[in-house]
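Structure file entry-v1.tsv with TSV, C-alpha atoms:
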chain	number	residue	atom	x	y	z
A	1	MET	CA	-111.42	-152.92	-66.56
A	2	ARG	CA	-109.39	-150.47	-64.49
A	3	PRO	CA	-108.83	-151.04	-60.76
A	4	ALA	CA	-110.67	-148.78	-58.36
A	5	ILE	CA	-108.79	-145.90	-56.77
A	6	GLY	CA	-106.78	-147.16	-53.79
A	7	SER	CA	-106.79	-150.75	-55.01
A	8	GLN	CA	-104.07	-152.94	-56.43
A	9	VAL	CA	-104.15	-155.61	-59.14
A	10	ILE	CA	-102.38	-158.86	-58.30
A	11	SER	CA	-101.63	-161.69	-60.72
A	12	ASN	CA	-101.73	-165.19	-59.29
A	13	GLY	CA	-99.18	-166.45	-61.84
A	14	THR	CA	-101.51	-169.09	-63.27
A	15	GLY	CA	-102.66	-167.15	-66.32
A	16	ALA	CA	-106.07	-166.56	-64.72
A	17	PRO	CA	-107.44	-163.03	-64.75
A	18	PRO	CA	-105.74	-160.79	-62.17
A	19	LEU	CA	-107.37	-160.25	-58.81
A	20	GLU	CA	-108.27	-156.74	-57.69
A	21	VAL	CA	-107.25	-156.10	-54.10
A	22	SER	CA	-108.33	-153.12	-51.98
A	23	ALA	CA	-105.76	-150.85	-50.34
A	24	GLU	CA	-106.70	-152.32	-46.94
A	25	GLU	CA	-106.13	-155.87	-48.19
A	26	ALA	CA	-102.82	-154.88	-49.81
A	27	ALA	CA	-101.70	-153.33	-46.50
A	28	LEU	CA	-102.71	-156.51	-44.68
A	29	ASP	CA	-100.70	-158.57	-47.20
A	30	LEU	CA	-97.62	-156.48	-46.39
A	31	VAL	CA	-98.13	-156.99	-42.65
A	32	PHE	CA	-98.50	-160.77	-42.90
A	33	ALA	CA	-95.51	-160.99	-45.27
A	34	ALA	CA	-93.43	-158.96	-42.82
A	35	LEU	CA	-94.53	-161.11	-39.87
A	36	ALA	CA	-93.70	-164.31	-41.77
A	37	ASP	CA	-89.96	-163.95	-41.13
A	38	PRO	CA	-88.48	-164.87	-37.71
A	39	VAL	CA	-85.79	-162.15	-37.92
A	40	ARG	CA	-88.45	-159.48	-38.46
A	41	ARG	CA	-90.59	-160.83	-35.62
A	42	SER	CA	-87.53	-160.71	-33.37
A	43	ILE	CA	-86.88	-157.11	-34.40
A	44	LEU	CA	-90.47	-156.21	-33.49
A	45	ARG	CA	-90.12	-157.92	-30.08
A	46	ARG	CA	-86.96	-155.92	-29.38
A	47	LEU	CA	-88.70	-152.68	-30.34
A	48	ASP	CA	-91.59	-153.34	-27.96
A	49	GLY	CA	-91.37	-150.55	-25.43
A	50	GLU	CA	-88.19	-148.85	-26.64
A	51	ASP	CA	-86.71	-147.14	-29.65
A	52	LEU	CA	-83.43	-148.61	-30.88
A	53	LEU	CA	-80.74	-147.71	-33.37
A	54	VAL	CA	-80.36	-150.01	-36.36
A	55	SER	CA	-76.91	-150.98	-35.06
A	56	GLU	CA	-78.46	-151.93	-31.69
A	57	LEU	CA	-81.13	-153.99	-33.44
A	58	ALA	CA	-78.46	-155.81	-35.47
A	59	LYS	CA	-76.32	-156.92	-32.49
A	60	PRO	CA	-77.96	-160.28	-31.67
A	61	PHE	CA	-78.18	-161.45	-35.29
A	62	ARG	CA	-75.51	-163.35	-37.15
A	63	ILE	CA	-76.25	-161.49	-40.35
A	64	SER	CA	-74.79	-158.32	-41.79
A	65	LEU	CA	-75.94	-154.84	-40.83
A	66	GLN	CA	-77.09	-154.43	-44.44
A	67	ALA	CA	-79.28	-157.56	-44.16
A	68	VAL	CA	-80.84	-156.25	-40.93
A	69	SER	CA	-81.46	-152.91	-42.68
A	70	ARG	CA	-83.30	-154.74	-45.47
A	71	HIS	CA	-85.49	-156.51	-42.89
A	72	ILE	CA	-86.22	-153.16	-41.26
A	73	GLN	CA	-87.23	-151.71	-44.64
A	74	VAL	CA	-89.77	-154.53	-45.09
A	75	LEU	CA	-91.18	-153.64	-41.65
A	76	VAL	CA	-91.26	-149.94	-42.61
A	77	ARG	CA	-93.14	-150.68	-45.87
A	78	ALA	CA	-95.65	-152.74	-43.86
A	79	GLY	CA	-96.13	-149.78	-41.49
A	80	LEU	CA	-94.89	-151.78	-38.50
A	81	VAL	CA	-91.77	-149.68	-37.89
A	82	THR	CA	-91.03	-145.98	-38.28
A	83	GLN	CA	-87.52	-144.67	-38.72
A	84	GLN	CA	-86.17	-141.31	-37.66
A	85	ARG	CA	-82.90	-140.40	-39.34
A	86	THR	CA	-80.38	-137.93	-37.96
A	87	GLY	CA	-77.45	-137.83	-40.34
A	88	ARG	CA	-76.23	-141.40	-40.70
A	89	VAL	CA	-77.94	-142.56	-37.50
A	90	SER	CA	-81.32	-144.23	-37.84
A	91	ARG	CA	-83.59	-144.82	-34.83
A	92	CYS	CA	-86.45	-147.31	-35.14
A	93	ARG	CA	-89.80	-147.32	-33.35
A	94	LEU	CA	-92.57	-149.93	-33.29
A	95	ASP	CA	-95.96	-148.92	-34.70
A	96	ALA	CA	-98.43	-151.57	-33.54
A	97	GLY	CA	-101.41	-150.19	-35.49
A	98	PRO	CA	-101.05	-152.58	-38.44
A	99	ILE	CA	-100.70	-155.50	-36.03
A	100	TYR	CA	-104.05	-154.50	-34.55
A	101	GLN	CA	-105.61	-154.55	-38.04
A	102	ALA	CA	-104.17	-158.04	-38.62
A	103	ALA	CA	-105.57	-159.18	-35.26
A	104	VAL	CA	-109.00	-157.84	-36.19
A	105	TRP	CA	-108.84	-159.76	-39.47
A	106	LEU	CA	-107.77	-162.98	-37.70
A	107	ASN	CA	-110.45	-162.54	-35.04
A	108	HIS	CA	-113.10	-162.64	-37.77
A	109	TYR	CA	-112.12	-166.28	-38.35
A	110	SER	CA	-112.03	-167.25	-34.68
A	111	LYS	CA	-115.56	-168.64	-35.00
A	112	TYR	CA	-114.09	-171.59	-36.91
A	113	TRP	CA	-111.58	-172.65	-34.30
A	114	GLN	CA	-114.07	-171.82	-31.52
A	115	GLU	CA	-116.40	-174.43	-33.04
A	116	GLN	CA	-113.57	-176.97	-32.81
A	117	PHE	CA	-112.98	-176.08	-29.14
A	118	ASN	CA	-116.70	-176.50	-28.46
A	119	THR	CA	-116.68	-179.91	-30.19
A	120	LEU	CA	-113.64	-180.97	-28.15
A	121	ALA	CA	-115.32	-179.83	-24.91
A	122	ALA	CA	-118.45	-181.82	-25.80
A	123	TRP	CA	-116.36	-184.95	-26.45
A	124	LEU	CA	-114.50	-184.52	-23.17
A	125	ASP	CA	-117.81	-184.12	-21.31
A	126	GLU	CA	-119.13	-187.29	-22.93
A	127	ILE	CA	-115.99	-189.24	-22.03
A	128	GLU	CA	-116.23	-187.98	-18.44
A	129	ARG	CA	-119.89	-189.06	-18.18
A	130	GLU	CA	-119.07	-192.52	-19.57
A	131	GLN	CA	-116.26	-193.19	-17.08
A	132	PRO	CA	-117.37	-191.78	-13.72
A	133	ALA	CA	-116.69	-194.98	-11.77
A	134	SER	CA	-113.09	-195.38	-12.92
A	135	ARG	CA	-112.45	-191.68	-12.29
A	136	LYS	CA	-113.79	-191.89	-8.72
A	137	LYS	CA	-111.62	-194.93	-8.12
A	138	ARG	CA	-108.55	-193.05	-9.41
A	139	LYS	CA	-109.32	-190.01	-7.23
A	140	SER	CA	-109.62	-192.10	-4.09
A	141	SER	CA	-106.35	-193.94	-4.79
A	142	ASN	CA	-104.60	-190.61	-5.49
A	143	ALA	CA	-105.88	-189.24	-2.18
A	144	LEU	CA	-104.55	-192.33	-0.40
A	145	LEU	CA	-101.10	-191.81	-1.98
A	146	VAL	CA	-101.06	-188.18	-0.89
A	147	ARG	CA	-101.92	-189.15	2.68
A	148	LYS	CA	-99.15	-191.79	2.71
A	149	ARG	CA	-96.57	-189.28	1.42
A	150	LYS	CA	-97.55	-186.71	4.04
A	151	SER	CA	-97.25	-189.21	6.85
A	152	LYS	CA	-93.65	-190.20	5.88
A	153	PRO	CA	-90.91	-188.17	7.64
In structure tokens, what does this structure look like?
Amino acid sequence: MRPAIGSQVISNGTGAPPLEVSAEEAALDLVFAALADPVRRSILRRLDGEDLLVSELAKPFRISLQAVSRHIQVLVRAGLVTQQRTGRVSRCRLDAGPIYQAAVWLNHYSKYWQEQFNTLAAWLDEIEREQPASRKKRKSSNALLVRKRKSKP
């Protein structure tokens, strides 16, 4: 079976049949792989709101200029950074579009953690209903402490 146009075949390394991945999913894989590295995330933060030369991007890192260039190329392949070359000078610019696509994908799964927040809120409400007397007692003693502190010079 041949992959569809615009798709990619990925082997999982287990000997199982390869998995066919759409172009959108392959692009998302590149974005998440690029975002997985702290150096690349730092580069993206530095590019937020301004274009910088590769040499400017490399300054805060304790790695070679060549290593920073390799990180930038990963970001370029993921579509997160564009480069404009003038001779030997390369200026980088953030392209947040792929980050938006990753956020949309993540948001699809927010229903799962939202359920956990709702469960936590229900438990907290139940605990609050079970202990109203001790809470009122604590509030009144806290108010007394505040009044005592205010009255001291």
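Taking atom CA of A:Ser55 and atom CA of A:Pro38 as endpoints, the distance between them is 18.3 Å.
In this structure, atom CA of A:Ala78 sits 23.7 Å away from atom CA of A:Arg62.
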Requested in this report: Name all residues at most 8 Å from A:Val68 (count all atoms listed in the file; drop same-chain ones fewer than 4 positions away) and give them as number ranges by chain.
Outcome: A: 54, 57-58, 63-64, 72
Enclose all atoms of stretch 60-78 of chain A listed in the file in an axis-aligned box, grow every side by 4 Å, and hand back centre and edge lengths in Å to one decimal, as AutoDock Vina command-line options.
--center_x -85.2 --center_y -156.6 --center_z -38.8 --size_x 28.9 --size_y 21.4 --size_z 22.2
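The coordinates place atom CA of A:Trp105 at 24.5 Å from atom CA of A:Leu120.
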**Report entry** Distance query A:Tyr100 at most 12 Å, only C-alpha atoms, self and fewer than 2 positions along chain excluded, as a list in words
**Finding:** Leu28, Val31, Phe32, Gly79, Leu80, Asp95, Ala96, Gly97, Pro98, Ala102, Ala103, Val104, Trp105, Leu106 and Asn107 of chain A
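With only C-alpha atoms as the atoms that count, the minimum distance from A:Val89 to the choices A:Glu20, A:Glu50, A:Glu56, A:Glu25 is reached by A:Glu56.
With only C-alpha atoms as the atoms that count, the residue of A:Ala34, A:Leu53, A:Leu19, A:Ala26 with the shortest distance to A:Val74 is A:Ala34.
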